[in-house]
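With CSV, C-alpha atoms inside, this is my_file-v8.csv:
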chain,number,residue,atom,x,y,z
C,1,MET,CA,-23.8,23.5,5.7
C,2,ARG,CA,-25.3,23.1,2.2
C,3,ILE,CA,-23.3,20.6,0.2
C,4,ILE,CA,-23.6,20.8,-3.5
C,5,LEU,CA,-22.1,18.4,-6.1
C,6,ALA,CA,-21.4,20.4,-9.3
C,7,SER,CA,-21.7,17.4,-11.6
C,8,GLY,CA,-24.3,15.9,-13.8
C,9,SER,CA,-22.7,12.5,-13.9
C,10,PRO,CA,-25.0,9.7,-12.7
C,11,ARG,CA,-21.9,7.8,-11.5
C,12,ARG,CA,-20.7,10.6,-9.3
C,13,ARG,CA,-24.2,11.0,-7.9
C,14,GLU,CA,-24.3,7.4,-6.9
C,15,LEU,CA,-20.8,7.6,-5.4
C,16,ILE,CA,-21.5,10.6,-3.2
C,17,GLN,CA,-24.6,8.8,-2.0
C,18,GLN,CA,-22.5,5.7,-1.3
C,19,ALA,CA,-20.1,7.9,0.7
C,20,GLY,CA,-23.0,9.1,2.9
C,21,ILE,CA,-22.3,12.7,2.0
C,22,PRO,CA,-25.7,14.5,1.9
C,23,ALA,CA,-25.2,16.5,-1.3
C,24,LYS,CA,-27.6,18.3,-3.5
C,25,ILE,CA,-26.8,17.9,-7.2
C,26,CYS,CA,-26.4,21.0,-9.3
C,27,PRO,CA,-24.4,20.4,-12.6
C,28,ALA,CA,-22.1,23.0,-14.0
C,29,ARG,CA,-23.3,23.9,-17.5
C,30,GLY,CA,-20.2,25.5,-19.0
C,31,LYS,CA,-17.7,23.9,-21.4
C,32,GLU,CA,-14.6,23.7,-19.3
C,33,VAL,CA,-11.2,24.3,-20.7
C,34,SER,CA,-7.7,24.4,-19.2
C,35,THR,CA,-4.3,25.5,-20.4
C,36,CYS,CA,-2.4,23.5,-17.8
C,37,LYS,CA,0.2,21.1,-19.3
C,38,ASP,CA,0.6,18.8,-16.2
C,39,PRO,CA,-2.2,16.3,-16.2
C,40,ARG,CA,-2.7,16.6,-12.4
C,41,ASP,CA,-3.1,20.4,-12.7
C,42,TYR,CA,-5.2,20.0,-15.7
C,43,ALA,CA,-7.8,17.8,-13.9
C,44,ALA,CA,-7.7,20.0,-10.8
C,45,ASP,CA,-8.2,23.1,-13.0
C,46,LEU,CA,-11.2,21.6,-14.8
C,47,ALA,CA,-12.7,20.6,-11.4
C,48,ARG,CA,-12.2,24.2,-10.1
C,49,HIS,CA,-13.9,25.7,-13.1
C,50,LYS,CA,-17.0,23.5,-12.5
C,51,ALA,CA,-17.0,24.3,-8.8
C,52,GLU,CA,-16.6,28.1,-9.5
C,53,GLU,CA,-19.5,28.2,-11.8
C,54,VAL,CA,-21.9,26.7,-9.2
C,55,ALA,CA,-20.3,28.6,-6.3
C,56,GLU,CA,-21.1,31.9,-8.0
C,57,ARG,CA,-24.8,31.2,-7.4
C,58,GLU,CA,-24.3,29.8,-3.8
C,59,ARG,CA,-22.4,32.9,-2.7
C,60,GLU,CA,-25.5,35.0,-3.1
C,61,ILE,CA,-27.4,32.9,-0.6
C,62,PRO,CA,-26.6,33.5,3.1
C,63,GLY,CA,-25.3,30.6,5.2
C,64,ASN,CA,-22.5,28.0,4.9
C,65,TYR,CA,-22.0,26.0,1.7
C,66,CYS,CA,-19.5,23.6,0.2
C,67,VAL,CA,-19.5,23.1,-3.6
C,68,ILE,CA,-17.7,20.0,-4.9
C,69,GLY,CA,-16.3,20.0,-8.5
C,70,ALA,CA,-14.7,17.0,-10.0
C,71,ASP,CA,-13.2,16.0,-13.3
C,72,THR,CA,-11.8,12.6,-14.4
C,73,ILE,CA,-9.1,12.2,-17.1
C,74,VAL,CA,-7.2,9.2,-18.5
C,75,VAL,CA,-3.5,9.6,-19.1
C,76,SER,CA,-1.7,7.0,-21.3
C,77,ASN,CA,1.8,7.5,-22.7
C,78,ARG,CA,1.8,11.0,-21.3
C,79,THR,CA,-1.2,11.9,-23.4
C,80,ILE,CA,-4.5,13.0,-21.9
C,81,LEU,CA,-7.3,10.9,-23.4
C,82,GLY,CA,-10.7,12.5,-23.5
C,83,LYS,CA,-14.0,11.0,-24.5
C,84,PRO,CA,-14.0,9.4,-28.0
C,85,ARG,CA,-15.3,11.5,-30.9
C,86,ASP,CA,-17.0,8.4,-32.4
C,87,ARG,CA,-16.8,4.6,-32.3
C,88,GLU,CA,-13.8,4.4,-34.7
C,89,ASP,CA,-12.0,6.8,-32.3
C,90,ALA,CA,-13.1,4.6,-29.3
C,91,ARG,CA,-11.5,1.5,-31.0
C,92,THR,CA,-8.3,3.5,-31.6
C,93,ILE,CA,-8.2,4.6,-27.9
C,94,LEU,CA,-8.7,1.1,-26.6
C,95,ARG,CA,-6.0,-0.2,-28.9
C,96,SER,CA,-3.6,2.4,-27.5
C,97,LEU,CA,-4.2,1.2,-24.0
C,98,GLN,CA,-2.8,-2.3,-24.8
C,99,GLY,CA,0.6,-3.5,-23.6
C,100,HIS,CA,1.3,-0.9,-20.8
C,101,GLY,CA,-0.5,0.6,-17.8
C,102,HIS,CA,-2.2,3.9,-17.7
C,103,GLU,CA,-3.4,6.4,-15.1
C,104,VAL,CA,-6.8,7.6,-14.2
C,105,MET,CA,-6.9,11.0,-12.4
C,106,THR,CA,-9.8,12.7,-10.8
C,107,GLY,CA,-9.3,16.4,-9.9
C,108,VAL,CA,-11.5,17.5,-7.0
C,109,CYS,CA,-12.1,21.1,-5.9
C,110,LEU,CA,-14.0,22.2,-2.8
C,111,LEU,CA,-15.1,25.8,-2.6
C,112,TYR,CA,-16.7,26.6,0.7
C,113,ARG,CA,-17.9,29.2,3.2
C,114,LYS,CA,-17.9,28.2,6.9
C,115,GLY,CA,-18.7,31.1,9.1
C,116,GLU,CA,-16.3,33.9,8.3
C,117,GLU,CA,-14.0,31.6,6.3
C,118,GLU,CA,-14.2,31.4,2.5
C,119,ARG,CA,-11.8,28.8,1.1
C,120,ALA,CA,-10.8,26.6,-1.8
C,121,LEU,CA,-9.3,23.1,-1.3
C,122,SER,CA,-8.0,21.1,-4.3
C,123,PHE,CA,-6.4,17.7,-4.9
C,124,THR,CA,-5.9,15.2,-7.7
C,125,GLU,CA,-6.1,11.5,-6.9
C,126,VAL,CA,-4.3,9.1,-9.2
C,127,SER,CA,-5.0,5.4,-9.8
C,128,GLN,CA,-3.0,3.0,-12.0
C,129,VAL,CA,-4.9,0.6,-14.3
C,130,THR,CA,-3.6,-2.3,-16.4
C,131,VAL,CA,-5.8,-3.6,-19.1
C,132,CYS,CA,-5.8,-7.2,-20.3
C,133,PRO,CA,-4.6,-7.9,-23.9
C,134,MET,CA,-7.7,-7.6,-26.1
C,135,THR,CA,-8.5,-9.1,-29.4
C,136,GLU,CA,-9.9,-6.9,-32.2
C,137,GLU,CA,-13.1,-8.8,-31.8
C,138,GLU,CA,-13.3,-8.0,-28.1
C,139,ILE,CA,-12.6,-4.3,-28.8
C,140,GLY,CA,-15.3,-4.3,-31.4
C,141,ARG,CA,-17.8,-6.1,-29.2
C,142,TYR,CA,-17.2,-3.8,-26.3
C,143,VAL,CA,-17.5,-0.6,-28.4
C,144,SER,CA,-20.7,-1.8,-29.9
C,145,THR,CA,-22.3,-1.9,-26.4
C,146,GLY,CA,-22.2,1.9,-26.5
C,147,GLU,CA,-20.6,2.0,-23.0
C,148,ALA,CA,-17.4,3.7,-24.4
C,149,ASP,CA,-19.3,6.6,-26.1
C,150,ASP,CA,-19.3,9.1,-23.2
C,151,LYS,CA,-16.3,7.9,-21.2
C,152,ALA,CA,-12.8,9.4,-20.9
C,153,GLY,CA,-10.4,6.6,-22.2
C,154,ALA,CA,-13.3,4.9,-24.0
C,155,TYR,CA,-14.2,2.5,-21.2
C,156,GLY,CA,-16.1,2.4,-17.9
C,157,ILE,CA,-14.5,0.1,-15.3
C,158,GLN,CA,-17.9,-0.4,-13.6
C,159,GLY,CA,-19.6,-2.0,-16.6
C,160,ALA,CA,-18.9,-4.7,-19.2
C,161,PHE,CA,-15.2,-3.6,-19.4
C,162,GLY,CA,-14.6,-5.1,-15.9
C,163,ILE,CA,-13.5,-8.4,-17.5
C,164,TYR,CA,-10.6,-6.6,-19.3
C,165,ILE,CA,-9.2,-5.0,-16.2
C,166,ALA,CA,-6.1,-7.1,-15.2
C,167,LYS,CA,-5.5,-5.0,-12.1
C,168,ILE,CA,-5.6,-1.6,-10.5
C,169,GLU,CA,-3.5,0.2,-7.9
C,170,GLY,CA,-5.1,2.9,-5.9
C,171,ASP,CA,-8.7,3.9,-5.3
C,172,TYR,CA,-11.2,2.1,-7.4
C,173,TYR,CA,-13.9,4.7,-7.0
C,174,ASN,CA,-11.4,7.3,-8.3
C,175,ILE,CA,-11.5,5.4,-11.6
C,176,VAL,CA,-15.3,5.4,-11.6
C,177,GLY,CA,-15.2,9.2,-11.2
C,178,LEU,CA,-15.0,10.3,-7.6
C,179,PRO,CA,-12.3,9.4,-5.0
C,180,ILE,CA,-14.7,9.0,-2.1
C,181,ALA,CA,-12.2,8.0,0.6
C,182,ARG,CA,-10.0,11.1,0.1
C,183,LEU,CA,-13.1,13.3,-0.4
C,184,TYR,CA,-14.6,12.1,2.8
C,185,HIS,CA,-11.4,12.5,4.8
C,186,THR,CA,-10.7,16.0,3.4
C,187,MET,CA,-14.3,17.1,4.2
C,188,ARG,CA,-14.2,15.5,7.6
C,189,ASP,CA,-10.9,17.1,8.6
C,190,ALA,CA,-12.1,20.5,7.3
C,191,GLY,CA,-15.2,20.3,9.4
C,192,LEU,CA,-17.5,20.3,6.4
C,193,LEU,CA,-19.6,17.2,7.2
C,194,PRO,CA,-22.6,17.1,9.4
C,195,GLU,CA,-22.1,15.5,12.9
C,196,SER,CA,-23.6,12.1,12.9
X,1,MET,CA,-23.0,-25.5,-22.7
X,2,ARG,CA,-25.1,-25.0,-19.5
X,3,ILE,CA,-23.2,-22.6,-17.3
X,4,ILE,CA,-24.2,-22.7,-13.6
X,5,LEU,CA,-23.0,-20.4,-10.8
X,6,ALA,CA,-23.0,-22.4,-7.6
X,7,SER,CA,-23.5,-19.4,-5.3
X,8,GLY,CA,-26.5,-17.7,-3.6
X,9,SER,CA,-24.6,-14.4,-3.2
X,10,PRO,CA,-26.5,-11.5,-4.8
X,11,ARG,CA,-23.1,-9.8,-5.3
X,12,ARG,CA,-21.7,-12.8,-7.4
X,13,ARG,CA,-25.0,-12.9,-9.3
X,14,GLU,CA,-24.5,-9.3,-10.3
X,15,LEU,CA,-20.9,-9.7,-11.2
X,16,ILE,CA,-21.4,-12.7,-13.5
X,17,GLN,CA,-24.1,-10.7,-15.2
X,18,GLN,CA,-21.7,-7.7,-15.5
X,19,ALA,CA,-19.1,-10.1,-17.1
X,20,GLY,CA,-21.7,-11.1,-19.7
X,21,ILE,CA,-21.4,-14.8,-18.8
X,22,PRO,CA,-24.9,-16.3,-19.3
X,23,ALA,CA,-25.1,-18.4,-16.1
X,24,LYS,CA,-28.0,-20.0,-14.3
X,25,ILE,CA,-27.9,-19.6,-10.5
X,26,CYS,CA,-28.0,-22.7,-8.4
X,27,PRO,CA,-26.7,-22.2,-4.8
X,28,ALA,CA,-24.8,-25.0,-3.0
X,29,ARG,CA,-26.6,-25.7,0.2
X,30,GLY,CA,-24.0,-27.6,2.2
X,31,LYS,CA,-21.9,-26.1,5.0
X,32,GLU,CA,-18.4,-26.1,3.5
X,33,VAL,CA,-15.4,-26.9,5.6
X,34,SER,CA,-11.7,-27.3,4.6
X,35,THR,CA,-8.7,-28.6,6.5
X,36,CYS,CA,-6.2,-26.8,4.2
X,37,LYS,CA,-3.8,-24.6,6.2
X,38,ASP,CA,-2.6,-22.4,3.3
X,39,PRO,CA,-5.2,-19.6,2.7
X,40,ARG,CA,-5.0,-19.9,-1.1
X,41,ASP,CA,-5.7,-23.7,-0.9
X,42,TYR,CA,-8.4,-23.1,1.7
X,43,ALA,CA,-10.3,-20.7,-0.5
X,44,ALA,CA,-9.9,-23.0,-3.6
X,45,ASP,CA,-11.0,-26.0,-1.5
X,46,LEU,CA,-14.2,-24.3,-0.3
X,47,ALA,CA,-14.9,-23.3,-3.9
X,48,ARG,CA,-14.4,-26.9,-5.1
X,49,HIS,CA,-16.8,-28.2,-2.4
X,50,LYS,CA,-19.5,-25.8,-3.6
X,51,ALA,CA,-19.0,-26.7,-7.3
X,52,GLU,CA,-18.9,-30.4,-6.5
X,53,GLU,CA,-22.3,-30.3,-4.7
X,54,VAL,CA,-24.0,-28.7,-7.7
X,55,ALA,CA,-22.1,-30.7,-10.4
X,56,GLU,CA,-23.4,-33.9,-8.9
X,57,ARG,CA,-26.9,-33.0,-10.1
X,58,GLU,CA,-25.6,-31.7,-13.4
X,59,ARG,CA,-23.8,-34.9,-14.3
X,60,GLU,CA,-27.1,-36.8,-14.4
X,61,ILE,CA,-28.3,-34.6,-17.2
X,62,PRO,CA,-26.9,-35.2,-20.7
X,63,GLY,CA,-25.0,-32.4,-22.5
X,64,ASN,CA,-22.2,-30.0,-21.8
X,65,TYR,CA,-22.1,-28.1,-18.5
X,66,CYS,CA,-19.8,-25.9,-16.5
X,67,VAL,CA,-20.4,-25.3,-12.8
X,68,ILE,CA,-18.6,-22.3,-11.2
X,69,GLY,CA,-17.9,-22.5,-7.4
X,70,ALA,CA,-16.4,-19.5,-5.6
X,71,ASP,CA,-15.4,-18.6,-2.0
X,72,THR,CA,-14.0,-15.3,-0.7
X,73,ILE,CA,-11.9,-15.0,2.4
X,74,VAL,CA,-10.0,-12.2,4.1
X,75,VAL,CA,-6.5,-12.8,5.4
X,76,SER,CA,-5.0,-10.4,7.9
X,77,ASN,CA,-1.8,-11.1,9.9
X,78,ARG,CA,-1.8,-14.6,8.6
X,79,THR,CA,-5.2,-15.3,10.0
X,80,ILE,CA,-8.3,-16.2,8.0
X,81,LEU,CA,-11.1,-13.9,8.9
X,82,GLY,CA,-14.6,-15.2,8.4
X,83,LYS,CA,-17.9,-13.5,8.8
X,84,PRO,CA,-18.4,-11.9,12.2
X,85,ARG,CA,-20.3,-13.8,14.9
X,86,ASP,CA,-22.1,-10.7,16.1
X,87,ARG,CA,-21.6,-6.9,16.1
X,88,GLU,CA,-19.1,-6.9,18.9
X,89,ASP,CA,-17.0,-9.4,16.8
X,90,ALA,CA,-17.4,-7.1,13.7
X,91,ARG,CA,-16.0,-4.2,15.7
X,92,THR,CA,-13.0,-6.4,16.9
X,93,ILE,CA,-12.3,-7.5,13.3
X,94,LEU,CA,-12.4,-3.9,11.9
X,95,ARG,CA,-10.0,-2.8,14.7
X,96,SER,CA,-7.7,-5.7,13.7
X,97,LEU,CA,-7.5,-4.4,10.1
X,98,GLN,CA,-6.0,-1.0,11.2
X,99,GLY,CA,-2.4,-0.1,10.6
X,100,HIS,CA,-1.4,-2.7,8.0
X,101,GLY,CA,-2.7,-4.1,4.7
X,102,HIS,CA,-4.6,-7.3,4.3
X,103,GLU,CA,-5.4,-9.7,1.5
X,104,VAL,CA,-8.7,-10.7,0.0
X,105,MET,CA,-8.7,-14.1,-1.8
X,106,THR,CA,-11.4,-15.6,-3.9
X,107,GLY,CA,-11.0,-19.3,-4.8
X,108,VAL,CA,-12.7,-20.3,-8.0
X,109,CYS,CA,-13.4,-23.8,-9.2
X,110,LEU,CA,-14.8,-24.8,-12.6
X,111,LEU,CA,-16.1,-28.3,-13.0
X,112,TYR,CA,-17.1,-29.0,-16.6
X,113,ARG,CA,-18.0,-31.5,-19.2
X,114,LYS,CA,-17.3,-30.6,-22.8
X,115,GLY,CA,-17.9,-33.5,-25.2
X,116,GLU,CA,-15.9,-36.4,-24.0
X,117,GLU,CA,-13.8,-34.3,-21.6
X,118,GLU,CA,-14.7,-34.0,-17.9
X,119,ARG,CA,-12.4,-31.6,-16.1
X,120,ALA,CA,-11.7,-29.4,-13.1
X,121,LEU,CA,-9.9,-26.0,-13.2
X,122,SER,CA,-9.1,-24.1,-10.0
X,123,PHE,CA,-7.4,-20.8,-9.2
X,124,THR,CA,-7.2,-18.4,-6.3
X,125,GLU,CA,-7.0,-14.7,-7.1
X,126,VAL,CA,-5.4,-12.4,-4.5
X,127,SER,CA,-6.0,-8.6,-4.0
X,128,GLN,CA,-4.3,-6.3,-1.5
X,129,VAL,CA,-6.4,-3.9,0.5
X,130,THR,CA,-5.3,-1.0,2.7
X,131,VAL,CA,-7.9,0.5,5.1
X,132,CYS,CA,-7.8,4.1,6.3
X,133,PRO,CA,-7.2,4.7,10.0
X,134,MET,CA,-10.7,4.7,11.6
X,135,THR,CA,-11.9,6.2,14.8
X,136,GLU,CA,-14.0,4.1,17.3
X,137,GLU,CA,-16.9,6.3,16.3
X,138,GLU,CA,-16.5,5.5,12.6
X,139,ILE,CA,-16.2,1.7,13.3
X,140,GLY,CA,-19.3,1.8,15.5
X,141,ARG,CA,-21.2,3.9,12.9
X,142,TYR,CA,-20.3,1.5,10.1
X,143,VAL,CA,-21.2,-1.7,12.1
X,144,SER,CA,-24.5,-0.2,13.0
X,145,THR,CA,-25.5,0.0,9.3
X,146,GLY,CA,-25.7,-3.8,9.3
X,147,GLU,CA,-23.5,-4.1,6.2
X,148,ALA,CA,-20.7,-5.9,8.2
X,149,ASP,CA,-23.0,-8.7,9.4
X,150,ASP,CA,-22.7,-11.2,6.5
X,151,LYS,CA,-19.3,-10.3,5.1
X,152,ALA,CA,-15.9,-12.0,5.5
X,153,GLY,CA,-13.6,-9.4,7.2
X,154,ALA,CA,-16.7,-7.5,8.5
X,155,TYR,CA,-16.9,-5.1,5.5
X,156,GLY,CA,-18.1,-4.8,2.0
X,157,ILE,CA,-16.0,-2.6,-0.3
X,158,GLN,CA,-18.9,-1.9,-2.6
X,159,GLY,CA,-21.0,-0.1,0.1
X,160,ALA,CA,-20.6,2.5,2.8
X,161,PHE,CA,-17.2,1.1,3.6
X,162,GLY,CA,-15.8,2.6,0.4
X,163,ILE,CA,-14.8,5.8,2.2
X,164,TYR,CA,-12.4,3.8,4.4
X,165,ILE,CA,-10.5,2.0,1.6
X,166,ALA,CA,-7.2,3.9,1.2
X,167,LYS,CA,-6.1,1.8,-1.8
X,168,ILE,CA,-6.3,-1.6,-3.4
X,169,GLU,CA,-3.9,-3.5,-5.6
X,170,GLY,CA,-5.3,-6.2,-7.9
X,171,ASP,CA,-8.8,-6.9,-9.1
X,172,TYR,CA,-11.5,-4.9,-7.4
X,173,TYR,CA,-14.2,-7.4,-8.3
X,174,ASN,CA,-12.2,-10.1,-6.6
X,175,ILE,CA,-12.7,-8.1,-3.4
X,176,VAL,CA,-16.4,-7.9,-4.1
X,177,GLY,CA,-16.5,-11.7,-4.5
X,178,LEU,CA,-15.7,-12.8,-8.0
X,179,PRO,CA,-12.6,-12.1,-10.1
X,180,ILE,CA,-14.4,-11.6,-13.3
X,181,ALA,CA,-11.4,-10.8,-15.5
X,182,ARG,CA,-9.6,-14.0,-14.7
X,183,LEU,CA,-12.8,-16.0,-14.7
X,184,TYR,CA,-13.7,-14.7,-18.2
X,185,HIS,CA,-10.2,-15.4,-19.6
X,186,THR,CA,-10.0,-18.9,-18.0
X,187,MET,CA,-13.4,-19.8,-19.5
X,188,ARG,CA,-12.7,-18.2,-22.9
X,189,ASP,CA,-9.3,-20.0,-23.2
X,190,ALA,CA,-11.0,-23.4,-22.2
X,191,GLY,CA,-13.7,-22.9,-24.8
X,192,LEU,CA,-16.5,-22.7,-22.2
X,193,LEU,CA,-18.1,-19.5,-23.4
X,194,PRO,CA,-20.7,-19.2,-26.2
X,195,GLU,CA,-19.4,-17.7,-29.4
X,196,SER,CA,-20.6,-14.1,-29.8

Using the file provided, produce a representation of the structure as structure tokens.
Amino acid sequence: MRIILASGSPRRRELIQQAGIPAKICPARGKEVSTCKDPRDYAADLARHKAEEVAEREREIPGNYCVIGADTIVVSNRTILGKPRDREDARTILRSLQGHGHEVMTGVCLLYRKGEEERALSFTEVSQVTVCPMTEEEIGRYVSTGEADDKAGAYGIQGAFGIYIAKIEGDYYNIVGLPIARLYHTMRDAGLLPES
Amino acid sequence: MRIILASGSPRRRELIQQAGIPAKICPARGKEVSTCKDPRDYAADLARHKAEEVAEREREIPGNYCVIGADTIVVSNRTILGKPRDREDARTILRSLQGHGHEVMTGVCLLYRKGEEERALSFTEVSQVTVCPMTEEEIGRYVSTGEADDKAGAYGIQGAFGIYIAKIEGDYYNIVGLPIARLYHTMRDAGLLPES
């Protein structure tokens, strides 16, 4: 079984390693779009597009494979927050997270061939996050570190933003970018992991 | 203000760095004991002993200082779980975490001098953890990695055990060993952090 992670994110690369899943990294290159309105479906749809792009190449090669696609979004006040356009936008996004909780969702899609079987398995894992009240100075200081630039919701829980996370509910690693507990159990139960 | 972390744990060292708190590391050497029955008080008491040991030396030196002591315990079925005695004990502890949630508590004690003021500030942060059902094989495989050996509750959430964490509620970093959000806000509000 060739396991391929269809993501270029260094965070997901570390997480799949932490999970002990022996995956090759092969980032999807396309610009994914989805017309889904429901955030859960939206995240799963983007994950599927990424997995599909990489699976197209894998299907040409004989033998079993499993391609893992993943996409993480932040949902606050029923709005899907993407990556900030610039630092002013990052500050606006962080201000909008104040005073109420928000959700972080990672859609995961597994496309695999196992013997005669060719299948797709999808799920979206949801975690709740509550951010501490932040002063304008704290928002400005955090954005100026540059950590917000490439992150959905304009923060990374695993970095300097950790001091502003009042609490979470759910899988922490899902917020970082890959729900490794559910991914491991899904792959284990589908017989996609090597025997150890 | 000299800030000193009275802990030898590499995990706490990384966390205080992540929090952006400019601390010197100076581990307490004594073997801490507490007679407190309540787990929250027990964790805070051990943290205070660690901080006291290091503060004794700091008091001799003129100028402001803040010593941070911390101690993390796992509480399951009203029992405080320490570090495992050996690998058989580690397996027994992991079996005992199955089927119900448990709590991870980090007691934190700040002993500081700021001008004329000499004070102590203590708190215990509590996070809830739910572990996935594990097979005997999974328990054995995890224990054989050696990661359980030096950890209260026989697991480290930040390593290979991540795939067995169904969910948490509270501060993730509290489970790793230092509640950086509450520590940062407590120090900020007491005027113990450098102006940035």

Select residues of chain C: the criterion is any atom within 9 Å of an atom of chain X, counting only C-alpha atoms; output as JSON, numbers by chain.
-> {"C": [17, 18, 19, 20, 127, 132, 141, 158, 159, 160, 161, 162, 163, 164, 165, 166, 167, 168, 169, 170, 171, 172, 173, 179, 180, 181, 182, 183, 184, 185, 196]}

Rounded to one decimal in Å, what is the spacing between CA of Ile25 (chain C) and CA of Ala70 (chain C)?
-> 12.5 Å

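As for CA of Lys114 (chain C) and CA of Tyr42 (chain C), they are spaced 27.2 Å apart.
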
Between CA of Ala44 (chain X) and CA of Glu56 (chain X), what is the spacing in Å?
->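 Result for CA of Glu56 (chain X) versus CA of Ala44 (chain X): 18.1 Å, one decimal.
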
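Distance annotation: of X:Glu118, X:Glu32, X:Asp149, X:Glu195, the residue with the minimal separation from Ala90 (chain X) is X:Asp149; atom set is all atoms listed in the file.
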
Quick one: residues within 12 Å of Pro84 (chain C), only C-alpha atoms counted, chain neighbours fewer than 2 positions away excluded, as an mmCIF file with C-alpha atoms, in the frame of the given file?
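Output saved as around_7.cif:
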data_model
loop_
_atom_site.group_PDB
_atom_site.id
_atom_site.type_symbol
_atom_site.label_atom_id
_atom_site.label_comp_id
_atom_site.auth_asym_id
_atom_site.auth_seq_id
_atom_site.Cartn_x
_atom_site.Cartn_y
_atom_site.Cartn_z
ATOM 1 C CA VAL C 74 -7.200 9.200 -18.500
ATOM 2 C CA ILE C 80 -4.500 13.000 -21.900
ATOM 3 C CA LEU C 81 -7.300 10.900 -23.400
ATOM 4 C CA GLY C 82 -10.700 12.500 -23.500
ATOM 5 C CA ASP C 86 -17.000 8.400 -32.400
ATOM 6 C CA ARG C 87 -16.800 4.600 -32.300
ATOM 7 C CA GLU C 88 -13.800 4.400 -34.700
ATOM 8 C CA ASP C 89 -12.000 6.800 -32.300
ATOM 9 C CA ALA C 90 -13.100 4.600 -29.300
ATOM 10 C CA ARG C 91 -11.500 1.500 -31.000
ATOM 11 C CA THR C 92 -8.300 3.500 -31.600
ATOM 12 C CA ILE C 93 -8.200 4.600 -27.900
ATOM 13 C CA LEU C 94 -8.700 1.100 -26.600
ATOM 14 C CA VAL C 143 -17.500 -0.600 -28.400
ATOM 15 C CA GLY C 146 -22.200 1.900 -26.500
ATOM 16 C CA GLU C 147 -20.600 2.000 -23.000
ATOM 17 C CA ALA C 148 -17.400 3.700 -24.400
ATOM 18 C CA ASP C 149 -19.300 6.600 -26.100
ATOM 19 C CA ASP C 150 -19.300 9.100 -23.200
ATOM 20 C CA LYS C 151 -16.300 7.900 -21.200
ATOM 21 C CA ALA C 152 -12.800 9.400 -20.900
ATOM 22 C CA GLY C 153 -10.400 6.600 -22.200
ATOM 23 C CA ALA C 154 -13.300 4.900 -24.000
ATOM 24 C CA TYR C 155 -14.200 2.500 -21.200
#

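Of the listed residues (X:Arg13, X:Gly177, X:Ala6, X:Gly69), X:Gly69 comes nearest to Asp45 (chain X); the distances count all atoms listed in the file.
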
Find, counting only C-alpha atoms, the residue in X:Asp38, X:Gly30, X:Val126, X:Cys66 that gets nearest to Glu53 (chain X).
->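 Under the stated criterion, the closest residue is X:Gly30.
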
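Neighbourhood of point (-1.7, -5.8, 4.8): residues with an atom at most 10 Å away, counting all atoms listed in the file, are Val75, Ser76, Asn77, Arg78, Leu97, Gln98, Gly99, His100, Gly101, His102, Glu103, Val104, Gln128, Val129, Thr130 and Val131 of chain X.
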
Find the spatial neighbours of region 121-125 of chain X, counting all atoms listed in the file, within a cut-off of 8 Å - ignore same-chain residues fewer than 2 positions away - and output them as a tab-separated table (two decimals) with C-alpha atoms, in the frame of the given file.
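Done, and the output landed in around_18.tsv:
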chain	number	residue	atom	x	y	z
X	40	ARG	CA	-5.00	-19.90	-1.10
X	41	ASP	CA	-5.70	-23.70	-0.90
X	43	ALA	CA	-10.30	-20.70	-0.50
X	44	ALA	CA	-9.90	-23.00	-3.60
X	48	ARG	CA	-14.40	-26.90	-5.10
X	105	MET	CA	-8.70	-14.10	-1.80
X	106	THR	CA	-11.40	-15.60	-3.90
X	107	GLY	CA	-11.00	-19.30	-4.80
X	108	VAL	CA	-12.70	-20.30	-8.00
X	109	CYS	CA	-13.40	-23.80	-9.20
X	110	LEU	CA	-14.80	-24.80	-12.60
X	111	LEU	CA	-16.10	-28.30	-13.00
X	119	ARG	CA	-12.40	-31.60	-16.10
X	127	SER	CA	-6.00	-8.60	-4.00
X	174	ASN	CA	-12.20	-10.10	-6.60
X	179	PRO	CA	-12.60	-12.10	-10.10

Would you kindly return, as a compact mmCIF listing (two decimals) with C-alpha atoms, keeping the file's coordinate frame, each protein, DNA or RNA residue with an atom no farther than 8 Å from any atom of Lys24 (chain X), considering all atoms listed in the file and excluding same-chain residues fewer than 4 positions away?
# COMPACT_ATOMS: atom_id res chain seq x y z
CA ARG X 2 -25.10 -25.00 -19.50
CA ILE X 3 -23.20 -22.60 -17.30
CA ILE X 4 -24.20 -22.70 -13.60
CA LEU X 5 -23.00 -20.40 -10.80

Between C:Asn64, C:Ser7, C:Thr186, C:Ser144, single out the one closest to Cys26 (chain C), counting only C-alpha atoms.
->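 Smallest separation from Cys26 (chain C) among the options: C:Ser7.
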
Provide region 52-56 of chain C of the preceding structure as a file containing N, CA and C atoms, as a PDB file, in the first residue's frame.
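Output (result_20.pdb):
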ATOM      1  N   GLU C  52      -8.140  14.008  -5.492  1.00  0.00           N
ATOM      2  CA  GLU C  52      -8.410  13.580  -6.872  1.00  0.00           C
ATOM      3  C   GLU C  52      -7.235  13.897  -7.790  1.00  0.00           C
ATOM      4  N   GLU C  53      -6.712  15.114  -7.613  1.00  0.00           N
ATOM      5  CA  GLU C  53      -5.627  15.546  -8.499  1.00  0.00           C
ATOM      6  C   GLU C  53      -4.427  14.599  -8.399  1.00  0.00           C
ATOM      7  N   VAL C  54      -4.088  14.213  -7.177  1.00  0.00           N
ATOM      8  CA  VAL C  54      -2.930  13.343  -6.982  1.00  0.00           C
ATOM      9  C   VAL C  54      -3.273  11.897  -7.336  1.00  0.00           C
ATOM     10  N   ALA C  55      -4.520  11.464  -7.065  1.00  0.00           N
ATOM     11  CA  ALA C  55      -4.919  10.078  -7.349  1.00  0.00           C
ATOM     12  C   ALA C  55      -4.892   9.791  -8.842  1.00  0.00           C
ATOM     13  N   GLU C  56      -5.149  10.820  -9.660  1.00  0.00           N
ATOM     14  CA  GLU C  56      -5.112  10.628 -11.113  1.00  0.00           C
ATOM     15  C   GLU C  56      -3.782  10.022 -11.560  1.00  0.00           C
TER      16      GLU C  56
END
